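final_12.txt (compact mmCIF, C-alpha atoms and all ligand atoms)
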```txt
# COMPACT_ATOMS: atom_id res chain seq x y z
CA MET K 99 -3.11 13.69 -10.87
CA THR K 100 -6.33 11.72 -10.70
CA VAL K 101 -7.79 10.18 -7.56
CA ILE K 102 -7.05 6.68 -8.91
CA ASP K 103 -3.39 7.53 -9.36
CA LYS K 104 -3.14 8.62 -5.78
CA LYS K 105 -4.76 5.43 -4.57
CA THR K 106 -2.25 3.39 -6.54
CA LEU K 107 0.64 5.40 -5.17
CA ILE K 108 -0.58 4.75 -1.64
CA GLU K 109 -0.98 1.05 -2.28
CA ASP K 110 2.48 0.86 -3.84
CA ARG K 111 3.98 2.63 -0.86
CA VAL K 112 2.33 0.16 1.53
CA ASN K 113 3.69 -2.74 -0.54
CA GLN K 114 7.21 -1.30 -0.81
CA GLY K 115 7.41 -0.25 2.84
CA LEU K 116 6.94 3.06 4.62
CA LEU K 117 9.61 5.73 4.47
CA GLY K 118 10.46 7.81 7.52
CA GLN K 119 11.34 4.66 9.46
CA TRP K 120 14.31 3.03 11.12
CA TYR K 121 14.71 -0.53 9.90
CA PRO K 122 17.08 -3.20 11.21
CA VAL K 123 19.18 -4.53 8.34
CA ALA K 124 21.88 -6.71 9.89
CA LYS K 125 23.35 -8.07 13.07
CA SER K 126 26.10 -5.83 14.48
CA VAL K 127 28.68 -8.58 14.11
CA GLU K 128 28.00 -8.82 10.39
CA VAL K 129 29.19 -5.27 9.69
CA LYS K 130 32.98 -5.16 9.82
CA ALA K 131 35.87 -2.72 9.44
CA THR K 132 37.58 -5.08 7.03
CA LYS K 133 34.85 -5.96 4.57
CA PRO K 134 31.81 -4.13 3.18
CA TYR K 135 28.35 -5.57 3.79
CA GLY K 136 25.70 -5.30 1.08
CA ALA K 137 22.04 -5.08 2.09
CA LYS K 138 18.75 -4.09 0.55
CA LEU K 139 15.79 -2.36 2.08
CA LEU K 140 12.68 -0.99 0.42
CA GLY K 141 14.19 -1.94 -2.92
CA GLN K 142 17.26 0.25 -2.27
CA LYS K 143 20.65 -1.46 -2.34
CA VAL K 144 23.00 -0.12 0.31
CA VAL K 145 26.50 -0.90 1.51
CA LEU K 146 27.60 -0.74 5.14
CA TRP K 147 31.01 -0.85 6.77
CA ARG K 148 32.83 0.44 9.85
CA ASP K 149 35.07 3.47 9.57
CA GLN K 150 38.27 4.01 11.57
CA THR K 151 36.32 5.04 14.69
CA GLY K 152 34.24 1.85 14.54
CA ALA K 153 31.12 3.81 13.50
CA ILE K 154 28.99 2.22 10.82
CA ARG K 155 28.60 4.12 7.55
CA CYS K 156 25.92 3.44 4.97
CA ILE K 157 25.65 4.69 1.39
CA GLU K 158 24.04 3.55 -1.85
CA ASP K 159 25.62 0.35 -3.16
CA PHE K 160 26.51 1.93 -6.48
CA CYS K 161 29.88 3.13 -7.67
CA PRO K 162 29.66 6.72 -9.02
CA HIS K 163 32.04 5.78 -11.86
CA ARG K 164 30.04 3.14 -13.73
CA GLY K 165 27.71 1.60 -11.20
CA ALA K 166 29.58 -1.43 -9.88
CA PRO K 167 28.35 -2.60 -6.46
CA LEU K 168 30.59 -1.01 -3.86
CA SER K 169 29.83 -3.97 -1.61
CA TYR K 170 32.14 -6.03 -3.86
CA GLY K 171 34.97 -3.68 -2.96
CA GLU K 172 37.25 -3.12 0.01
CA VAL K 173 37.48 -0.86 3.02
CA HIS K 174 40.44 1.56 2.70
CA GLU K 175 41.30 3.73 5.71
CA GLY K 176 37.66 4.08 6.69
CA ASN K 177 36.40 4.66 3.15
CA ILE K 178 35.25 2.22 0.54
CA GLY K 179 37.17 1.35 -2.62
CA CYS K 180 35.45 0.04 -5.73
CA ARG K 181 36.68 -3.32 -6.94
CA TYR K 182 36.22 -2.42 -10.61
CA HIS K 183 38.61 0.54 -11.16
CA GLY K 184 39.51 1.56 -7.62
CA VAL K 185 37.44 4.74 -7.09
CA ILE K 186 37.30 5.59 -3.38
CA VAL K 187 34.12 6.96 -1.78
CA ASP K 188 33.63 8.08 1.83
CA GLY K 189 30.76 7.49 4.25
CA ASP K 190 29.00 10.67 3.10
CA GLY K 191 28.94 9.44 -0.50
CA VAL K 192 31.69 11.85 -1.60
CA VAL K 193 34.33 10.70 -4.11
CA LYS K 194 37.68 10.91 -2.31
CA ARG K 195 40.03 9.63 -4.96
CA VAL K 196 40.16 8.34 -8.50
CA PRO K 197 43.48 6.46 -8.37
CA ALA K 198 43.52 5.60 -12.08
CA MET K 199 43.25 9.24 -13.20
CA PRO K 200 45.30 12.05 -11.58
CA GLU K 201 43.31 15.22 -10.73
CA CYS K 202 40.05 13.73 -11.93
CA ALA K 203 37.11 16.15 -11.71
CA LEU K 204 35.07 13.54 -9.88
CA GLU K 205 37.15 14.02 -6.74
CA GLY K 206 35.30 15.97 -4.07
CA ARG K 207 31.90 15.43 -5.66
CA LYS K 208 28.99 14.29 -3.47
CA ALA K 209 27.81 11.50 -5.72
CA LEU K 210 25.77 9.14 -3.56
CA LYS K 211 23.03 9.23 -0.98
CA SER K 212 24.16 8.41 2.53
CA PHE K 213 21.92 7.05 5.25
CA GLU K 214 21.80 7.52 9.01
CA VAL K 215 22.74 4.41 10.98
CA THR K 216 22.44 3.40 14.60
CA GLU K 217 23.34 0.27 16.50
CA ALA K 218 21.29 -1.18 19.33
CA ASN K 219 21.10 -4.58 21.01
CA ASP K 220 23.29 -6.39 18.49
CA ALA K 221 21.42 -4.97 15.49
CA VAL K 222 22.20 -2.28 12.90
CA PHE K 223 19.34 0.06 12.01
CA VAL K 224 19.22 2.25 8.90
CA TYR K 225 16.92 5.25 8.57
CA MET K 226 14.97 5.65 5.33
CA PRO K 227 14.11 9.35 5.09
CA SER K 228 10.72 10.68 4.00
CA VAL K 229 9.63 14.10 2.80
CA GLU K 230 7.89 14.63 6.12
CA GLN K 231 10.89 13.45 8.20
CA PRO K 232 14.11 13.91 6.21
CA THR K 233 16.25 13.52 9.31
CA ALA K 234 15.85 10.63 11.66
CA PRO K 235 13.83 10.91 14.86
CA ALA K 236 15.19 8.91 17.80
CA LEU K 237 14.85 5.16 17.44
CA VAL K 238 12.48 4.04 20.20
CA LEU K 239 13.16 0.60 21.68
CA PRO K 240 11.05 -1.41 24.11
CA LYS K 241 12.13 -1.68 27.74
CA GLU K 242 13.12 -5.33 27.23
CA LEU K 243 15.91 -4.15 24.93
CA THR K 244 17.07 -1.24 27.06
CA SER K 245 16.96 -2.54 30.62
CA ASP K 246 19.48 -4.86 32.26
CA ASP K 247 16.71 -6.98 33.76
CA TRP K 248 16.18 -8.72 30.47
CA THR K 249 18.53 -10.85 28.46
CA GLY K 250 18.05 -12.49 25.14
CA PHE K 251 19.18 -13.44 21.68
CA LEU K 252 18.59 -11.83 18.35
CA CYS K 253 17.58 -14.08 15.51
CA THR K 254 17.09 -12.94 11.94
CA SER K 255 15.65 -14.64 8.91
CA VAL K 256 14.95 -13.70 5.31
CA TRP K 257 11.47 -14.66 4.15
CA GLU K 258 10.43 -14.77 0.51
CA THR K 259 7.22 -12.90 1.14
CA ASN K 260 6.09 -9.29 1.33
CA TYR K 261 6.72 -7.81 4.79
CA ARG K 262 2.99 -7.17 5.20
CA TYR K 263 2.43 -10.90 5.53
CA ALA K 264 4.94 -11.06 8.36
CA LEU K 265 3.15 -8.19 10.13
CA ASP K 266 -0.27 -9.77 9.54
CA ASN K 267 1.07 -12.99 11.02
CA LEU K 268 2.25 -11.20 14.14
CA ALA K 269 -1.09 -9.44 14.54
CA ASP K 270 -2.87 -12.79 14.48
CA PRO K 271 -2.47 -14.68 17.78
CA MET K 272 -5.07 -17.28 16.78
CA HIS K 273 -2.67 -19.06 14.44
CA GLY K 274 -0.52 -20.17 17.40
CA CYS K 275 -2.68 -23.08 18.53
CA TYR K 276 -3.16 -24.32 14.95
CA LEU K 277 0.00 -23.72 12.92
CA HIS K 278 2.29 -24.38 15.88
CA SER K 279 0.15 -27.01 17.61
CA GLU K 280 2.91 -29.61 17.60
CA SER K 281 5.56 -27.36 19.04
CA PHE K 282 7.22 -27.54 22.45
CA THR K 283 5.26 -24.69 24.03
CA LEU K 284 2.41 -23.79 21.72
CA ALA K 285 0.26 -26.90 21.95
CA PHE K 286 -1.91 -25.60 24.80
CA GLY K 287 -5.21 -23.82 25.17
CA SER K 288 -8.49 -23.77 23.38
CA LYS K 289 -8.83 -23.83 19.62
CA GLN K 290 -11.88 -21.55 19.67
CA ASP K 291 -12.08 -18.01 20.87
CA LEU K 292 -12.93 -14.41 20.14
CA MET K 293 -10.49 -11.57 19.65
CA GLN K 294 -10.38 -8.22 21.29
CA LEU K 295 -8.63 -5.05 20.18
CA ASP K 296 -7.57 -2.40 22.69
CA LYS K 297 -5.87 0.90 22.17
CA THR K 298 -2.68 1.43 24.16
CA ASP K 299 -0.61 4.57 24.77
CA ALA K 300 1.67 3.87 21.83
CA GLY K 301 -0.40 1.60 19.62
CA PHE K 302 -2.75 -1.32 20.15
CA ARG K 303 -3.04 -4.77 21.61
CA VAL K 304 -4.87 -7.66 20.04
CA SER K 305 -5.72 -10.48 22.42
CA ARG K 306 -7.73 -13.64 22.77
CA VAL K 307 -10.79 -13.07 24.96
CA GLY K 308 -10.92 -16.58 26.41
CA GLN K 309 -7.37 -17.21 27.61
CA VAL K 310 -4.25 -15.47 28.83
CA GLY K 311 -0.90 -17.06 29.54
CA GLU K 312 -1.66 -20.41 27.92
CA ASN K 313 -0.36 -19.97 24.40
CA PHE K 314 0.59 -17.10 22.10
CA ASP K 315 -2.53 -15.24 23.29
CA TRP K 316 -1.87 -11.59 22.48
CA THR K 317 0.38 -9.21 20.56
CA GLU K 318 1.04 -5.57 21.23
CA PHE K 319 2.18 -3.14 18.53
CA GLU K 320 3.93 0.13 19.33
CA ILE K 321 4.05 2.84 16.71
CA HIS K 322 6.54 5.68 17.19
CA PRO K 323 7.43 8.66 14.97
CA GLY K 324 10.37 6.81 13.39
CA ASN K 325 9.77 3.10 13.93
CA MET K 326 7.33 0.40 14.91
CA PHE K 327 7.71 -2.97 16.59
CA CYS K 328 5.60 -5.56 18.33
CA PHE K 329 5.97 -7.90 21.25
CA LEU K 330 4.29 -11.01 22.52
CA ASP K 331 4.77 -13.71 25.13
CA ILE K 332 5.24 -17.42 24.79
CA PRO K 333 4.38 -19.23 28.03
CA TYR K 334 7.10 -21.61 29.11
CA PRO K 335 6.92 -24.88 31.02
CA GLN K 336 9.21 -25.46 34.03
CA ALA K 337 11.55 -27.53 31.87
CA ALA K 338 12.53 -24.42 29.95
CA GLY K 339 14.48 -23.04 32.88
CA PRO K 340 14.25 -19.79 34.83
CA GLY K 341 12.61 -16.51 33.88
CA GLY K 342 8.93 -17.23 33.33
CA PHE K 343 7.45 -16.62 29.89
CA MET K 344 9.62 -15.86 26.91
CA ARG K 345 9.02 -12.45 25.40
CA ILE K 346 9.53 -11.90 21.71
CA VAL K 347 10.20 -8.44 20.34
CA GLY K 348 9.77 -8.31 16.57
CA PHE K 349 10.78 -5.92 13.81
CA THR K 350 10.06 -6.48 10.13
CA THR K 351 12.15 -4.96 7.33
CA PRO K 352 10.87 -4.81 3.75
CA ILE K 353 13.72 -5.86 1.42
CA ASP K 354 11.67 -5.55 -1.74
CA GLU K 355 8.09 -6.28 -2.66
CA ARG K 356 8.66 -10.03 -2.53
CA THR K 357 11.10 -10.37 0.33
CA CYS K 358 11.45 -9.27 3.91
CA LYS K 359 13.81 -9.81 6.78
CA VAL K 360 12.48 -10.48 10.25
CA PHE K 361 14.35 -9.57 13.41
CA PHE K 362 13.20 -11.32 16.57
CA TRP K 363 14.70 -10.87 19.99
CA ARG K 364 13.89 -13.78 22.29
CA LEU K 365 14.09 -12.53 25.82
CA ARG K 366 13.56 -13.49 29.40
CA GLN K 367 13.56 -11.44 32.57
CA VAL K 368 16.35 -13.08 34.54
CA SER K 369 19.51 -11.99 36.32
CA GLY K 370 22.49 -13.47 38.15
CA LEU K 371 23.08 -17.19 37.93
CA ALA K 372 19.62 -17.82 36.48
CA ARG K 373 20.57 -15.62 33.55
CA GLU K 374 23.57 -17.77 32.75
CA SER K 375 21.60 -20.96 33.08
CA TRP K 376 18.88 -19.69 30.71
CA ARG K 377 21.44 -18.52 28.19
CA PHE K 378 23.12 -21.90 28.30
CA LEU K 379 19.84 -23.79 28.00
CA TYR K 380 18.79 -21.61 25.11
CA ARG K 381 21.92 -22.29 23.13
CA ALA K 382 21.99 -25.98 23.97
CA GLN K 383 18.36 -26.83 23.43
CA LEU K 384 15.68 -24.17 23.05
CA GLU K 385 17.08 -22.32 20.08
CA GLU K 386 16.39 -25.24 17.79
CA ASN K 387 12.76 -25.49 18.95
CA HIS K 388 12.29 -21.79 18.23
CA TRP K 389 13.76 -22.15 14.79
CA ASN K 390 11.32 -24.90 14.02
CA VAL K 391 8.39 -22.71 15.05
CA LEU K 392 9.68 -19.79 13.00
CA GLU K 393 10.14 -22.05 10.00
CA GLN K 394 6.47 -23.04 10.24
CA ASP K 395 5.57 -19.35 9.92
CA ARG K 396 7.98 -18.82 7.04
CA VAL K 397 6.80 -21.81 5.03
CA MET K 398 3.14 -20.86 5.49
CA LEU K 399 3.63 -17.22 4.48
CA GLU K 400 5.87 -18.03 1.53
CA GLY K 401 3.16 -20.38 0.26
CA MET K 402 0.52 -17.64 0.16
CA PRO K 403 0.00 -15.81 -3.14
CA ASP K 404 1.15 -12.18 -3.39
CA ASP K 405 -2.39 -11.02 -4.02
CA ALA K 406 -4.16 -13.09 -1.36
CA ARG K 407 -5.65 -9.82 -0.12
CA LYS K 408 -7.86 -9.60 -3.19
CA ARG K 409 -9.66 -12.85 -2.41
CA GLU K 410 -9.41 -13.26 1.34
CA MET K 411 -12.50 -13.34 3.55
CA LEU K 412 -11.64 -11.97 6.96
CA TYR K 413 -13.59 -12.84 10.10
CA GLN K 414 -13.71 -11.61 13.68
CA HIS K 415 -10.23 -12.97 14.52
CA ASP K 416 -8.62 -10.67 11.97
CA LEU K 417 -9.16 -7.51 14.02
CA GLY K 418 -5.40 -7.11 14.53
CA VAL K 419 -4.65 -7.76 10.87
CA SER K 420 -7.14 -5.06 9.84
CA ARG K 421 -5.70 -2.62 12.35
CA VAL K 422 -2.13 -3.07 11.08
CA ARG K 423 -3.29 -2.52 7.52
CA GLN K 424 -5.20 0.62 8.46
CA LEU K 425 -2.13 2.04 10.16
CA LEU K 426 0.11 1.33 7.17
CA THR K 427 -2.38 2.82 4.75
CA LYS K 428 -2.86 5.94 6.85
CA ALA K 429 0.89 6.52 7.11
CA ALA K 430 1.41 5.83 3.39
CA LYS K 431 -1.36 8.29 2.50
CA SER K 432 0.22 11.03 4.54
CA GLN K 433 3.63 10.36 2.93
CA ILE K 434 2.25 10.39 -0.60
CA GLU K 435 0.31 13.59 0.06
CA ALA K 436 3.44 15.29 1.40
CA GLU K 437 5.38 14.19 -1.70
CA LEU K 438 2.65 15.41 -4.07
CA ALA K 439 2.45 18.75 -2.27
CA LEU K 440 6.20 19.19 -2.61
CA LYS K 441 6.00 18.37 -6.31
CA VAL K 442 3.24 20.92 -6.85
CA ALA K 443 5.21 23.55 -4.94
CA ALA K 444 8.24 22.88 -7.15
CA GLU K 445 6.30 23.26 -10.39
S1 LIG K 501 32.80 1.22 -11.62
FE1 LIG K 501 33.70 1.61 -9.74
S2 LIG K 501 35.61 2.38 -10.23
FE2 LIG K 501 34.74 1.98 -12.13
FE FE K 502 3.74 -18.08 14.31
```
In structure tokens, what does this structure look like?
Ligand code: FES
Ligand SMILES: [Fe+2]
Amino acid sequence: MTVIDKKTLIEDRVNQGLLGQWYPVAKSVEVKATKPYGAKLLGQKVVLWRDQTGAIRCIEDFCPHRGAPLSYGEVHEGNIGCRYHGVIVDGDGVVKRVPAMPECALEGRKALKSFEVTEANDAVFVYMPSVEQPTAPALVLPKELTSDDWTGFLCTSVWETNYRYALDNLADPMHGCYLHSESFTLAFGSKQDLMQLDKTDAGFRVSRVGQVGENFDWTEFEIHPGNMFCFLDIPYPQAAGPGGFMRIVGFTTPIDERTCKVFFWRLRQVSGLARESWRFLYRAQLEENHWNVLEQDRVMLEGMPDDARKREMLYQHDLGVSRVRQLLTKAAKSQIEAELALKVAAE
């Protein structure tokens, strides 16, 4: 293996998405006991459904008989039945029954990969194993998603762009006062500034030097052994009801090299009656504003060429963007090296 090959492998891994990570793939309500749900992450098609205990199972979306998508099939007593010729597979990827052929040798065979799944805060997370971490470490969530003091809404959207662009966008607070300048809450503050990058316990924070609390002024990224996420604040005027600023917690899932799915929780720290009034106001009025802002991001990123990186000219404000890229490359390098070492050991 030449040095160039290794560099390409690392770049490909960054583009496809890191392994050894928990990724959100769906809203909890989308995965049912009555109907399979097909999803794709890191180029891998998977099917999810709920078994008889209500637990979510996830296996490759590929029938062991001839490859039909199992997600076109049906849930049968907690297992999944292929629509094409009826083969039944369980949540571990083992063939349970071949109804068309008595005593078929396929029965009892572990034919498909299965994936670990967990549910948290209205979202379903799937673990993509790596050589370094074949079994899932605990999914680490921010306090806003685990404490009762906060309440919010999950919104998801599929963007026709590589997930790296979504991460770059989150690591770039300076776009707020330009791209979103006509929005309800992001029209404020100065259009000139410098950026600052600070290390935190679990990651880093990129912030505008000249202003805090006026616009989307900073983002913090947390990197944990099995997942990463970021959060940021959107200052809110009085008219937006109780709870102070709105906090956004964001996860980005690579679907394939050209598509990603973003998961944003929009949260406020409110309780009691104020909580109900914010939830009502959000549904009635604010949600639409937020969609409009998110659409501005989507349209901009989808318009950028896949290889913008080759021609871009970064400046001081892109400190956060550079940091995210470094982190991804470092993690991809370590994964590729572990895979190559395993290959050598096997030879
Ligand atoms: S392809 Fe699924 S049963 Fe034949
Ligand atoms: Fe934005």
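What separates atom CA of K:Gly152 from atom CA of K:Gly171 is a distance of 18.4 Å.
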Original post:
Once you count only C-alpha atoms and all ligand atoms, which residues end up within 12 Å of ligand LIG 501 (chain K), and could you hand them over as a ChimeraX atom specification?
Top reply: /K:159-172,178-187,193-199,204
Within 9 Å of ligand FE 502 (chain K): each chain K residue with its shortest pair, all atoms listed in the file, as a tab-separated table:
```
residue	atom	partner	partner_atom	distance
K:Asn267	CA	K:FE502	FE	6.6
K:Leu268	CA	K:FE502	FE	7.0
K:Asp270	CA	K:FE502	FE	8.5
K:Pro271	CA	K:FE502	FE	7.9
K:His273	CA	K:FE502	FE	6.5
K:Gly274	CA	K:FE502	FE	5.7
K:Leu277	CA	K:FE502	FE	6.9
K:His278	CA	K:FE502	FE	6.7
K:Phe314	CA	K:FE502	FE	8.5
K:Val391	CA	K:FE502	FE	6.6
K:Leu392	CA	K:FE502	FE	6.3
K:Glu393	CA	K:FE502	FE	8.7
K:Gln394	CA	K:FE502	FE	7.0
K:Asp395	CA	K:FE502	FE	4.9
K:Arg396	CA	K:FE502	FE	8.4
```
Hey, which bits of stretch 328-390 of chain K sit within 10 Å of stretch 106-124 of chain K, and for each residue what's the closest pair of atoms and how far apart in Å (one decimal), counting all atoms listed in the file, rows by chain and increasing number, as CSV?
```
residue,atom,partner,partner_atom,distance
K:Phe349,CA,K:Pro122,CA,7.3
K:Thr350,CA,K:Tyr121,CA,7.6
K:Thr351,CA,K:Tyr121,CA,5.7
K:Pro352,CA,K:Gly115,CA,5.8
K:Ile353,CA,K:Gln114,CA,8.3
K:Asp354,CA,K:Gln114,CA,6.2
K:Glu355,CA,K:Gln114,CA,5.4
K:Arg356,CA,K:Gln114,CA,9.0
K:Thr357,CA,K:Gln114,CA,9.9
K:Cys358,CA,K:Gly115,CA,9.9
K:Lys359,CA,K:Val123,CA,7.7
K:Val360,CA,K:Pro122,CA,8.7
K:Phe361,CA,K:Pro122,CA,7.3
```
**OP:** Around the point (1.1, 9.8, -2.7) in the file's coordinates, collect all residues with an atom within 6 Å, using all atoms listed in the file, and return them as a VMD selection string.
**Re:** chain K and resid 104 107 to 108 431 434 to 435 438
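Across K:Ala221, K:Pro227, K:Pro340, K:Asp188, the tightest approach to K:Ala209 is made by K:Asp188 when counting all atoms listed in the file.
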Sort by chain and increasing residue number a table of all residues of stretch 336-431 of chain K within 12 Å of stretch 212-219 of chain K, each with its closest pair of atoms and their distance in Å to one decimal, counting all atoms listed in the file, and write it as JSON lines.
```
{"residue": "K:Val347", "atom": "CA", "partner": "K:Asn219", "partner_atom": "CA", "distance": 11.6}
{"residue": "K:Phe361", "atom": "CA", "partner": "K:Asn219", "partner_atom": "CA", "distance": 11.3}
{"residue": "K:Phe362", "atom": "CA", "partner": "K:Asn219", "partner_atom": "CA", "distance": 11.3}
{"residue": "K:Trp363", "atom": "CA", "partner": "K:Asn219", "partner_atom": "CA", "distance": 9.0}
{"residue": "K:Arg364", "atom": "CA", "partner": "K:Asn219", "partner_atom": "CA", "distance": 11.8}
{"residue": "K:Leu365", "atom": "CA", "partner": "K:Asn219", "partner_atom": "CA", "distance": 11.6}
```
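A search radius of 8 Å centred on (17.9, -11.5, 25.0), applied to only C-alpha atoms, returns the residues Leu243, Trp248, Thr249, Gly250, Phe251, Leu252, Trp363, Arg364, Leu365 and Arg366 of chain K.
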Original post:
Quick one, how far is atom CA of K:Leu295 from atom CA of K:Ser228?
Top reply: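 Computing it gives 29.7 Å between the two atoms.
With all atoms listed in the file as the atoms that count, the residue of K:Ser420, K:Leu140, K:Thr132, K:Gly341 with the shortest distance to K:Tyr380 is K:Gly341.
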Original post:
Can you tell me how far atom CA of K:Ile346 sits from atom CA of K:Phe329, in Å to one decimal?
Top reply: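 So the answer is 5.4 Å.
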**OP:** Give the answer as one residue: which of K:Ile157, K:Val229, K:Leu371, K:Val173 has the shortest atom-to-atom distance to K:Gln433, using all atoms listed in the file?
**Re:**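 Counting all atoms listed in the file, the residue closest to K:Gln433 is K:Val229.
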Original post:
Quick one: of K:Val222, K:Ala269, K:Val397, K:Leu292, who's nearest to K:Glu320, counting all atoms listed in the file?
Top reply: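 Closest to K:Glu320, using all atoms listed in the file: K:Ala269.
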**OP:** Could you tell me which of K:Arg421, K:Val129, K:Ala337, K:Ala430 comes closest to K:Lys297 if we count all atoms listed in the file?
**Re:**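 Of K:Arg421, K:Val129, K:Ala337, K:Ala430, the one nearest K:Lys297, counting all atoms listed in the file, is K:Arg421.
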Subject >> Among the residues K:Pro403, K:Gly418, K:Pro200, K:Pro335, the one that comes closest to K:Gly301 [using only C-alpha atoms] >> reply: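 Nearest candidate to K:Gly301 out of K:Pro403, K:Gly418, K:Pro200, K:Pro335: K:Gly418.
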**OP:** Considering only C-alpha atoms, return as a list in words whatever protein or nucleic-acid residues lie within 12 Å of K:Arg407, sequence-local ones (same chain, fewer than 2 positions apart) excluded.
**Re:** Asn113, Asn260, Arg262, Tyr263, Asp266, Met402, Pro403, Asp404, Asp405, Arg409, Glu410, Met411, Leu412, Val419, Ser420 and Arg423 of chain K
Keeping only C-alpha atoms, write the selected residues as a compact mmCIF listing (two decimals), in the frame of the given file.
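Output saved as selection-v7.txt:
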```txt
# COMPACT_ATOMS: atom_id res chain seq x y z
CA ASN K 113 3.69 -2.74 -0.54
CA ASN K 260 6.09 -9.29 1.33
CA ARG K 262 2.99 -7.17 5.20
CA TYR K 263 2.43 -10.90 5.53
CA ASP K 266 -0.27 -9.77 9.54
CA MET K 402 0.52 -17.64 0.16
CA PRO K 403 0.00 -15.81 -3.14
CA ASP K 404 1.15 -12.18 -3.39
CA ASP K 405 -2.39 -11.02 -4.02
CA ARG K 409 -9.66 -12.85 -2.41
CA GLU K 410 -9.41 -13.26 1.34
CA MET K 411 -12.50 -13.34 3.55
CA LEU K 412 -11.64 -11.97 6.96
CA VAL K 419 -4.65 -7.76 10.87
CA SER K 420 -7.14 -5.06 9.84
CA ARG K 423 -3.29 -2.52 7.52
```
